[in-house]
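With mmCIF, C-alpha atoms inside, this is final13.cif:
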data_upload
loop_
_atom_site.group_PDB
_atom_site.id
_atom_site.type_symbol
_atom_site.label_atom_id
_atom_site.label_comp_id
_atom_site.auth_asym_id
_atom_site.auth_seq_id
_atom_site.Cartn_x
_atom_site.Cartn_y
_atom_site.Cartn_z
ATOM 1 C CA MET A 1 98.294 -32.630 75.964
ATOM 2 C CA HIS A 2 100.158 -34.351 78.748
ATOM 3 C CA ARG A 3 98.784 -31.853 81.256
ATOM 4 C CA LYS A 4 95.197 -32.387 80.025
ATOM 5 C CA ALA A 5 95.612 -36.153 80.228
ATOM 6 C CA ALA A 6 96.945 -35.897 83.767
ATOM 7 C CA VAL A 7 94.003 -33.717 84.823
ATOM 8 C CA LEU A 8 91.577 -36.203 83.246
ATOM 9 C CA VAL A 9 93.177 -39.132 85.083
ATOM 10 C CA LEU A 10 93.073 -37.308 88.417
ATOM 11 C CA THR A 11 89.419 -36.386 87.830
ATOM 12 C CA ILE A 12 88.516 -40.029 87.132
ATOM 13 C CA ILE A 13 90.374 -41.179 90.260
ATOM 14 C CA PHE A 14 88.552 -38.566 92.356
ATOM 15 C CA VAL A 15 85.133 -39.636 91.048
ATOM 16 C CA VAL A 16 85.913 -43.297 91.662
ATOM 17 C CA LEU A 17 87.020 -42.633 95.245
ATOM 18 C CA LEU A 18 84.054 -40.366 95.931
ATOM 19 C CA SER A 19 81.555 -42.924 94.692
ATOM 20 C CA GLY A 20 83.109 -45.752 96.672
ATOM 21 C CA CYS A 21 84.121 -47.803 93.633
ATOM 22 C CA SER A 22 87.542 -48.389 95.119
ATOM 23 C CA GLU A 23 86.029 -51.123 97.317
ATOM 24 C CA LYS A 24 86.259 -54.309 95.311
ATOM 25 C CA LEU A 25 83.120 -56.422 95.057
ATOM 26 C CA PRO A 26 83.473 -60.113 95.999
ATOM 27 C CA SER A 27 83.467 -62.779 93.293
ATOM 28 C CA ALA A 28 81.270 -65.837 92.723
ATOM 29 C CA GLY A 29 82.292 -68.634 95.080
ATOM 30 C CA GLU A 30 83.307 -66.254 97.872
ATOM 31 C CA LYS A 31 81.372 -65.698 101.091
ATOM 32 C CA HIS A 32 78.540 -63.198 101.057
ATOM 33 C CA PRO A 33 79.638 -59.929 102.730
ATOM 34 C CA TYR A 34 76.629 -59.726 105.068
ATOM 35 C CA LYS A 35 74.640 -62.987 104.855
ATOM 36 C CA ARG A 36 75.819 -65.835 107.064
ATOM 37 C CA ASP A 37 76.531 -69.219 105.479
ATOM 38 C CA VAL A 38 75.821 -67.971 101.939
ATOM 39 C CA THR A 39 78.251 -68.540 99.072
ATOM 40 C CA LEU A 40 77.916 -66.049 96.249
ATOM 41 C CA THR A 41 76.607 -67.053 92.813
ATOM 42 C CA LYS A 42 77.097 -64.962 89.673
ATOM 43 C CA ASP A 43 73.526 -63.668 89.987
ATOM 44 C CA GLU A 44 74.143 -62.607 93.601
ATOM 45 C CA VAL A 45 77.362 -60.840 92.622
ATOM 46 C CA GLY A 46 75.337 -58.963 89.995
ATOM 47 C CA ARG A 47 72.773 -57.977 92.623
ATOM 48 C CA LEU A 48 75.546 -56.674 94.898
ATOM 49 C CA ALA A 49 76.873 -54.585 92.003
ATOM 50 C CA ASP A 50 73.371 -53.168 91.383
ATOM 51 C CA LEU A 51 72.973 -52.285 95.064
ATOM 52 C CA ALA A 52 76.417 -50.652 95.120
ATOM 53 C CA GLU A 53 75.365 -48.471 92.173
ATOM 54 C CA GLN A 54 72.071 -47.609 93.920
ATOM 55 C CA ALA A 55 74.047 -46.558 97.002
ATOM 56 C CA ARG A 56 76.282 -44.312 94.887
ATOM 57 C CA GLU A 57 73.242 -42.700 93.249
ATOM 58 C CA LYS A 58 71.526 -42.152 96.599
ATOM 59 C CA ASP A 59 74.758 -40.769 98.020
ATOM 60 C CA ARG A 60 74.790 -38.047 95.378
ATOM 61 C CA GLU A 61 71.221 -37.049 96.341
ATOM 62 C CA LEU A 62 71.940 -36.646 100.054
ATOM 63 C CA ASP A 63 72.918 -33.326 101.621
ATOM 64 C CA SER A 64 76.491 -33.244 102.866
ATOM 65 C CA GLU A 65 76.649 -33.121 106.677
ATOM 66 C CA PRO A 66 79.557 -33.263 109.134
ATOM 67 C CA LEU A 67 79.943 -35.957 111.759
ATOM 68 C CA VAL A 68 78.567 -34.857 115.127
ATOM 69 C CA TYR A 69 80.936 -35.366 118.082
ATOM 70 C CA SER A 70 80.036 -34.976 121.737
ATOM 71 C CA LYS A 71 82.024 -32.541 123.881
ATOM 72 C CA GLU A 72 83.579 -35.425 125.805
ATOM 73 C CA ALA A 73 84.594 -37.325 122.663
ATOM 74 C CA ARG A 74 87.709 -35.259 122.013
ATOM 75 C CA THR A 75 88.416 -33.587 125.354
ATOM 76 C CA LYS A 76 87.954 -36.608 127.636
ATOM 77 C CA TYR A 77 88.474 -39.610 125.359
ATOM 78 C CA GLY A 78 90.627 -38.346 122.477
ATOM 79 C CA PHE A 79 88.124 -40.006 120.144
ATOM 80 C CA SER A 80 87.983 -39.556 116.379
ATOM 81 C CA LEU A 81 86.549 -41.367 113.377
ATOM 82 C CA LYS A 82 88.641 -42.043 110.288
ATOM 83 C CA VAL A 83 85.749 -43.891 108.624
ATOM 84 C CA PRO A 84 83.174 -42.577 107.929
ATOM 85 C CA LYS A 85 84.261 -39.044 107.122
ATOM 86 C CA ARG A 86 80.752 -37.647 106.535
ATOM 87 C CA GLY A 87 77.634 -37.405 108.660
ATOM 88 C CA ASN A 88 75.118 -38.461 106.007
ATOM 89 C CA PHE A 89 75.687 -41.082 103.309
ATOM 90 C CA ALA A 90 74.242 -44.204 101.653
ATOM 91 C CA VAL A 91 75.274 -47.881 101.854
ATOM 92 C CA ASP A 92 74.177 -51.385 100.955
ATOM 93 C CA SER A 93 73.504 -52.877 104.421
ATOM 94 C CA VAL A 94 77.061 -52.552 105.814
ATOM 95 C CA VAL A 95 78.572 -49.598 107.700
ATOM 96 C CA SER A 96 82.350 -49.499 108.234
ATOM 97 C CA LEU A 97 83.695 -47.931 111.438
ATOM 98 C CA LYS A 98 87.351 -47.068 111.884
ATOM 99 C CA GLY A 99 89.032 -44.713 114.318
ATOM 100 C CA LYS A 100 90.919 -44.240 117.566
ATOM 101 C CA ILE A 101 90.299 -43.552 121.252
ATOM 102 C CA SER A 102 92.717 -42.795 124.078
ATOM 103 C CA PRO A 103 93.431 -45.652 126.498
ATOM 104 C CA MET A 104 91.279 -45.728 129.619
ATOM 105 C CA ASP A 105 90.460 -48.444 132.120
ATOM 106 C CA GLY A 106 87.521 -50.514 130.931
ATOM 107 C CA ASN A 107 87.024 -49.078 127.444
ATOM 108 C CA ASP A 108 88.329 -52.034 125.460
ATOM 109 C CA TYR A 109 85.117 -51.929 123.415
ATOM 110 C CA LEU A 110 82.609 -49.440 122.053
ATOM 111 C CA MET A 111 78.838 -49.749 121.836
ATOM 112 C CA VAL A 112 77.177 -48.787 118.552
ATOM 113 C CA THR A 113 73.440 -48.345 118.073
ATOM 114 C CA ALA A 114 71.513 -48.292 114.793
ATOM 115 C CA GLU A 115 68.039 -46.789 115.215
ATOM 116 C CA ARG A 116 65.000 -46.101 113.088
ATOM 117 C CA PRO A 117 61.291 -45.797 113.986
ATOM 118 C CA ASP A 118 60.603 -49.526 113.586
ATOM 119 C CA GLY A 119 63.614 -50.936 115.415
ATOM 120 C CA LYS A 120 66.914 -50.581 117.230
ATOM 121 C CA ARG A 121 69.997 -52.806 117.269
ATOM 122 C CA LYS A 122 73.068 -52.645 119.518
ATOM 123 C CA TYR A 123 76.557 -53.722 118.487
ATOM 124 C CA PHE A 124 79.799 -54.025 120.452
ATOM 125 C CA ILE A 125 83.107 -53.573 118.664
ATOM 126 C CA PRO A 126 86.570 -54.217 120.149
ATOM 127 C CA VAL A 127 89.257 -51.588 120.753
ATOM 128 C CA ARG A 128 92.867 -52.802 120.507
ATOM 129 C CA ASP A 129 95.917 -50.605 121.022
ATOM 130 C CA GLU A 130 93.674 -47.503 120.999
ATOM 131 C CA LEU A 131 92.276 -48.419 117.554
ATOM 132 C CA PHE A 132 89.033 -49.916 116.268
ATOM 133 C CA ASN A 133 88.169 -51.207 112.799
ATOM 134 C CA ASP A 134 84.903 -53.088 112.364
ATOM 135 C CA LYS A 135 81.677 -53.317 110.370
ATOM 136 C CA ILE A 136 78.029 -53.461 111.390
ATOM 137 C CA VAL A 137 75.142 -54.892 109.349
ATOM 138 C CA LEU A 138 71.865 -52.940 109.190
ATOM 139 C CA PRO A 139 69.106 -55.535 109.694
ATOM 140 C CA PHE A 140 65.809 -53.700 109.124
ATOM 141 C CA GLY A 141 65.935 -53.138 105.374
ATOM 142 C CA GLU A 142 65.720 -49.931 103.345
ATOM 143 C CA GLY A 143 65.575 -46.545 104.999
ATOM 144 C CA GLU A 144 67.431 -44.036 107.121
ATOM 145 C CA TYR A 145 69.249 -45.122 110.277
ATOM 146 C CA ARG A 146 70.752 -42.999 113.023
ATOM 147 C CA ILE A 147 74.105 -44.454 114.069
ATOM 148 C CA SER A 148 75.535 -43.521 117.483
ATOM 149 C CA LEU A 149 78.799 -44.554 119.160
ATOM 150 C CA PHE A 150 79.306 -44.841 122.922
ATOM 151 C CA VAL A 151 82.107 -45.686 125.350
ATOM 152 C CA PRO A 152 81.579 -47.510 128.685
ATOM 153 C CA ASP A 153 81.304 -45.115 131.616
ATOM 154 C CA THR A 154 83.867 -46.453 134.092
ATOM 155 C CA ALA A 155 82.221 -44.533 136.941
ATOM 156 C CA ARG A 156 78.879 -46.313 136.505
ATOM 157 C CA ASP A 157 78.760 -50.007 135.625
ATOM 158 C CA GLY A 158 76.524 -50.732 132.649
ATOM 159 C CA SER A 159 76.297 -47.055 131.630
ATOM 160 C CA PHE A 160 77.725 -45.441 128.497
ATOM 161 C CA GLU A 161 78.769 -41.971 127.362
ATOM 162 C CA GLY A 162 78.019 -40.702 123.862
ATOM 163 C CA LEU A 163 80.903 -40.078 121.461
ATOM 164 C CA ALA A 164 79.578 -39.404 117.963
ATOM 165 C CA ARG A 165 76.579 -39.815 115.705
ATOM 166 C CA PHE A 166 75.711 -39.719 112.017
ATOM 167 C CA ARG A 167 72.978 -40.741 109.585
ATOM 168 C CA VAL A 168 73.095 -43.431 106.944
ATOM 169 C CA TYR A 169 70.609 -44.501 104.279
ATOM 170 C CA ASN A 170 70.406 -48.227 103.484
ATOM 171 C CA VAL A 171 69.312 -48.863 99.873
ATOM 172 C CA ASN A 172 68.754 -52.592 100.394
ATOM 173 C CA ARG A 173 65.081 -53.481 100.953
ATOM 174 C CA GLU A 174 65.852 -56.953 102.314
ATOM 175 C CA VAL A 175 65.368 -57.550 106.048
ATOM 176 C CA LEU A 176 68.408 -59.509 107.226
ATOM 177 C CA ASN A 177 68.671 -62.214 109.869
ATOM 178 C CA VAL A 178 71.649 -60.933 111.869
ATOM 179 C CA PRO A 179 72.794 -62.408 115.223
ATOM 180 C CA ASP A 180 72.431 -60.061 118.172
ATOM 181 C CA TYR A 181 75.730 -60.176 120.081
ATOM 182 C CA THR A 182 75.894 -58.562 123.537
ATOM 183 C CA ARG A 183 78.880 -56.960 125.257
ATOM 184 C CA PHE A 184 79.509 -60.236 127.084
ATOM 185 C CA LYS A 185 80.718 -61.827 123.855
ATOM 186 C CA LEU A 186 83.675 -59.440 124.051
ATOM 187 C CA GLU A 187 84.051 -59.544 127.833
ATOM 188 C CA TYR A 188 84.214 -63.365 127.821
ATOM 189 C CA ARG A 189 86.251 -63.363 124.588
ATOM 190 C CA VAL A 190 83.785 -65.754 122.934
ATOM 191 C CA SER A 191 84.662 -66.839 119.404
ATOM 192 C CA PHE A 192 82.335 -69.074 117.378
ATOM 193 C CA GLU A 193 83.632 -71.564 114.832
ATOM 194 C CA TYR A 194 80.084 -72.903 114.379
ATOM 195 C CA GLU A 195 76.875 -71.083 115.304
ATOM 196 C CA PRO A 196 73.250 -71.417 114.135
ATOM 197 C CA SER A 197 72.413 -70.578 110.534
ATOM 198 C CA PRO A 198 69.156 -68.728 109.781
ATOM 199 C CA VAL A 199 67.698 -72.009 108.404
ATOM 200 C CA VAL A 200 68.506 -75.370 110.038
ATOM 201 C CA ASP A 201 67.337 -78.968 109.805
ATOM 202 C CA GLY A 202 66.429 -80.301 113.234
ATOM 203 C CA SER A 203 69.431 -79.172 115.293
ATOM 204 C CA ILE A 204 71.956 -76.393 115.902
ATOM 205 C CA ARG A 205 75.627 -76.545 116.816
ATOM 206 C CA PHE A 206 77.779 -74.259 118.925
ATOM 207 C CA LYS A 207 81.533 -74.721 118.687
ATOM 208 C CA GLY A 208 84.171 -72.241 119.725
ATOM 209 C CA SER A 209 86.313 -70.815 122.505
ATOM 210 C CA ILE A 210 85.721 -68.754 125.635
ATOM 211 C CA ASP A 211 87.871 -67.152 128.312
ATOM 212 C CA ALA A 212 86.590 -69.306 131.168
ATOM 213 C CA PRO A 213 88.064 -72.047 133.389
ATOM 214 C CA ASP A 214 87.470 -75.764 132.884
ATOM 215 C CA ASP A 215 84.032 -77.068 133.876
ATOM 216 C CA THR A 216 82.419 -73.637 133.520
ATOM 217 C CA ARG A 217 78.798 -74.381 132.688
ATOM 218 C CA LEU A 218 77.342 -72.764 129.551
ATOM 219 C CA CYS A 219 73.662 -72.710 128.586
ATOM 220 C CA VAL A 220 71.597 -72.561 125.403
ATOM 221 C CA ILE A 221 67.886 -71.721 125.615
ATOM 222 C CA THR A 222 65.633 -72.468 122.641
ATOM 223 C CA THR A 223 62.084 -71.074 122.581
ATOM 224 C CA LYS A 224 59.207 -71.884 120.213
ATOM 225 C CA ASN A 225 55.611 -70.850 120.885
ATOM 226 C CA TRP A 226 56.514 -70.026 124.494
ATOM 227 C CA ILE A 227 57.878 -73.557 125.029
ATOM 228 C CA GLN A 228 61.430 -73.370 126.390
ATOM 229 C CA GLN A 229 64.202 -75.946 126.383
ATOM 230 C CA ARG A 230 67.494 -75.502 128.247
ATOM 231 C CA SER A 231 70.703 -77.316 127.332
ATOM 232 C CA TYR A 232 73.800 -77.199 129.564
ATOM 233 C CA PHE A 233 77.380 -78.094 128.656
ATOM 234 C CA THR A 234 80.852 -77.364 130.019
ATOM 235 C CA VAL A 235 84.105 -75.749 128.941
ATOM 236 C CA LYS A 236 87.244 -77.876 128.470
ATOM 237 C CA ASN A 237 90.613 -76.203 127.865
ATOM 238 C CA GLY A 238 88.839 -72.993 126.938
ATOM 239 C CA LEU A 239 86.759 -74.759 124.252
ATOM 240 C CA PHE A 240 83.135 -75.860 123.843
ATOM 241 C CA ASP A 241 81.283 -77.985 121.291
ATOM 242 C CA GLN A 242 77.591 -78.800 121.695
ATOM 243 C CA THR A 243 74.751 -79.846 119.382
ATOM 244 C CA VAL A 244 71.247 -78.912 120.506
ATOM 245 C CA VAL A 245 68.179 -80.694 119.096
ATOM 246 C CA LEU A 246 65.194 -78.462 118.300
ATOM 247 C CA SER A 247 62.673 -80.793 119.845
ATOM 248 C CA GLU A 248 59.480 -78.874 118.992
ATOM 249 C CA GLY A 249 59.710 -79.613 115.274
ATOM 250 C CA THR A 250 59.358 -77.258 112.336
ATOM 251 C CA GLY A 251 58.904 -73.532 112.890
ATOM 252 C CA GLU A 252 60.559 -70.385 114.204
ATOM 253 C CA TYR A 253 62.843 -70.495 117.244
ATOM 254 C CA ARG A 254 64.578 -67.918 119.383
ATOM 255 C CA VAL A 255 67.975 -69.245 120.443
ATOM 256 C CA VAL A 256 70.096 -67.693 123.212
ATOM 257 C CA PHE A 257 73.700 -68.688 123.999
ATOM 258 C CA MET A 258 74.553 -67.805 127.612
ATOM 259 C CA ALA A 259 77.575 -67.658 129.934
ATOM 260 C CA PRO A 260 77.428 -67.645 133.759
ATOM 261 C CA ARG A 261 77.876 -64.546 135.833
ATOM 262 C CA LYS A 262 81.264 -64.638 137.514
ATOM 263 C CA GLU A 263 79.691 -64.257 140.954
ATOM 264 C CA SER A 264 77.154 -67.083 140.470
ATOM 265 C CA GLU A 265 76.978 -70.329 138.476
ATOM 266 C CA ASP A 266 73.175 -70.274 138.555
ATOM 267 C CA TRP A 267 72.688 -66.898 136.852
ATOM 268 C CA PHE A 268 73.639 -66.298 133.232
ATOM 269 C CA TYR A 269 74.314 -63.431 130.843
ATOM 270 C CA ASP A 270 73.040 -63.436 127.254
ATOM 271 C CA VAL A 271 76.039 -63.647 124.912
ATOM 272 C CA ALA A 272 74.390 -64.158 121.507
ATOM 273 C CA ILE A 273 70.763 -64.224 120.327
ATOM 274 C CA TYR A 274 69.546 -65.825 117.095
ATOM 275 C CA GLU A 275 66.287 -66.153 115.169
ATOM 276 C CA VAL A 276 66.273 -69.617 113.561
ATOM 277 C CA SER A 277 63.856 -71.297 111.151
ATOM 278 C CA ASN A 278 63.772 -75.081 111.593
ATOM 279 C CA ILE A 279 62.720 -77.049 108.508
ATOM 280 C CA GLY A 280 62.968 -80.398 110.342
ATOM 281 C CA SER A 281 59.397 -81.518 110.985
ATOM 282 C CA GLU A 282 59.946 -84.314 113.520
ATOM 283 C CA ILE A 283 58.990 -83.528 117.125
ATOM 284 C CA LYS A 284 61.507 -85.311 119.350
ATOM 285 C CA ASP A 285 61.559 -86.378 122.972
ATOM 286 C CA ARG A 286 63.417 -84.001 125.223
#
Output the structure of this file as structure tokens.
Amino acid sequence: MHRKAAVLVLTIIFVVLLSGCSEKLPSAGEKHPYKRDVTLTKDEVGRLADLAEQAREKDRELDSEPLVYSKEARTKYGFSLKVPKRGNFAVDSVVSLKGKISPMDGNDYLMVTAERPDGKRKYFIPVRDELFNDKIVLPFGEGEYRISLFVPDTARDGSFEGLARFRVYNVNREVLNVPDYTRFKLEYRVSFEYEPSPVVDGSIRFKGSIDAPDDTRLCVITTKNWIQQRSYFTVKNGLFDQTVVLSEGTGEYRVVFMAPRKESEDWFYDVAIYEVSNIGSEIKDR
């Protein structure tokens, strides 16, 4: 009897691990795992549980495939993925990435792309002490995505070499408003304490830190119906804090946070890009 009980327990543990149930769902009152500035209610926790179950069901339907590594991944970069372990699986909006890569000059981050016929999104994840451990949010709703990982090519500035790829099916139908961070967020070590929410009332605030000397000029560009507004502010002790008024009133805005190129104060790199809905109706003087 003891042997049968032990086998039963091990079988249950295996099923739980295979289905992904070992990852604890957040509770009401905690932050939403992939929606900015949203605190979970009991109903939302229930929806997350439903989506997790849908992902497990879809996972069982999918054919098992291995991860696909490039030739250079192991021989040149000593690259490997610990998570995920499979090349085809299902999720609710979030893909975890964990692994290692040998140290090389300039590869302190990886580029990740998520592609499907109706869109493509790039992500940049940090590498520290030869390890990476991060998550990406799939923004385009339900469907299959092709995920690819790349390392910067140190021989050619701005170029990347492929490392690995796999497929993932997102069971969540909701299209998510996710900030688009560029590689310069990592290169300038930008960290945001406050950044624009998807819905705002008349203004947005940027507060955080950046690896830049005092009086470095930063820029935020807001665009609505082709009308652009530029706001400039400076860094003090590695910190910045600026509120920008959305002067064109209610509607949809594209907001870009920018840092200057190191060789010129008049040219800027995009650091973060946001799509913002302003519910404030007042049109204000610039």
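The gap separating CA of Val220 (chain A) from CA of Thr234 (chain A) is 11.4 Å, in Å to one decimal.
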List the neighbours of Glu30 (chain A) out to 10 Å using only C-alpha atoms; skip same-chain residues closer than 2 positions along the sequence, and give me the result as a PyMOL selection string.
chain A and resi 26-28+32-33+38-41+45
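Closest approach to Ser64 (chain A) among A:Val151, A:Leu51, A:Val168, A:Val175 is made by A:Val168 (distances from all atoms listed in the file).
When CA of Ala259 (chain A) is paired with CA of Ser197 (chain A), their separation reads 20.3 Å.
Minimum distance to Lys135 (chain A) across A:Phe160, A:Tyr34, A:Tyr253, A:Phe240 (counting all atoms listed in the file) occurs at A:Tyr34.
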Pick the closest to Phe150 (chain A) from A:Lys31, A:Lys185, A:Arg230, A:Lys122: which is it, counting all atoms listed in the file?
A:Lys122
For Lys236 (chain A), please output as JSON, numbers by chain all residues within 8 Å (counting only C-alpha atoms; exclusion window: fewer than 6 positions along the same chain).
{"A": [213, 214, 215]}
Using the chain letters and numbers from the file, which residues does the PyMOL selection byres ((chain A and resi 124-131) around 7) grab, as an NGL selection string?
:A and (99-103 or 108-112 or 122-123 or 132-134 or 182-183)
Counting only C-alpha atoms, what are the residues of region 100-200 of chain A within 12 Å of region 260-266 of chain A, and for each of them which pair of atoms is the nearest and at what distance in Å, to one decimal? Sort the table by chain and rising number, as a Markdown table.
| residue | atom | partner | partner_atom | distance |
| --- | --- | --- | --- | --- |
| A:Phe184 | CA | A:Arg261 | CA | 9.9 |
| A:Lys185 | CA | A:Pro260 | CA | 11.9 |
| A:Glu187 | CA | A:Arg261 | CA | 11.3 |
| A:Tyr188 | CA | A:Pro260 | CA | 10.0 |
For the structure provided, state which residues fall under the PyMOL selection byres ((chain A and resi 79) around 9), and present them as a PyMOL selection string.
chain A and resi 69+72-78+80-81+99-102+163-164
Next, write the just-selected residues to a file, as a short mmCIF file (atom, residue, chain, number, x, y, z; two decimals), in the coordinates of the input, keeping C-alpha atoms as the atom set.
data_model
loop_
_atom_site.label_atom_id
_atom_site.label_comp_id
_atom_site.auth_asym_id
_atom_site.auth_seq_id
_atom_site.Cartn_x
_atom_site.Cartn_y
_atom_site.Cartn_z
CA TYR A 69 80.94 -35.37 118.08
CA GLU A 72 83.58 -35.42 125.80
CA ALA A 73 84.59 -37.33 122.66
CA ARG A 74 87.71 -35.26 122.01
CA THR A 75 88.42 -33.59 125.35
CA LYS A 76 87.95 -36.61 127.64
CA TYR A 77 88.47 -39.61 125.36
CA GLY A 78 90.63 -38.35 122.48
CA SER A 80 87.98 -39.56 116.38
CA LEU A 81 86.55 -41.37 113.38
CA GLY A 99 89.03 -44.71 114.32
CA LYS A 100 90.92 -44.24 117.57
CA ILE A 101 90.30 -43.55 121.25
CA SER A 102 92.72 -42.80 124.08
CA LEU A 163 80.90 -40.08 121.46
CA ALA A 164 79.58 -39.40 117.96
#
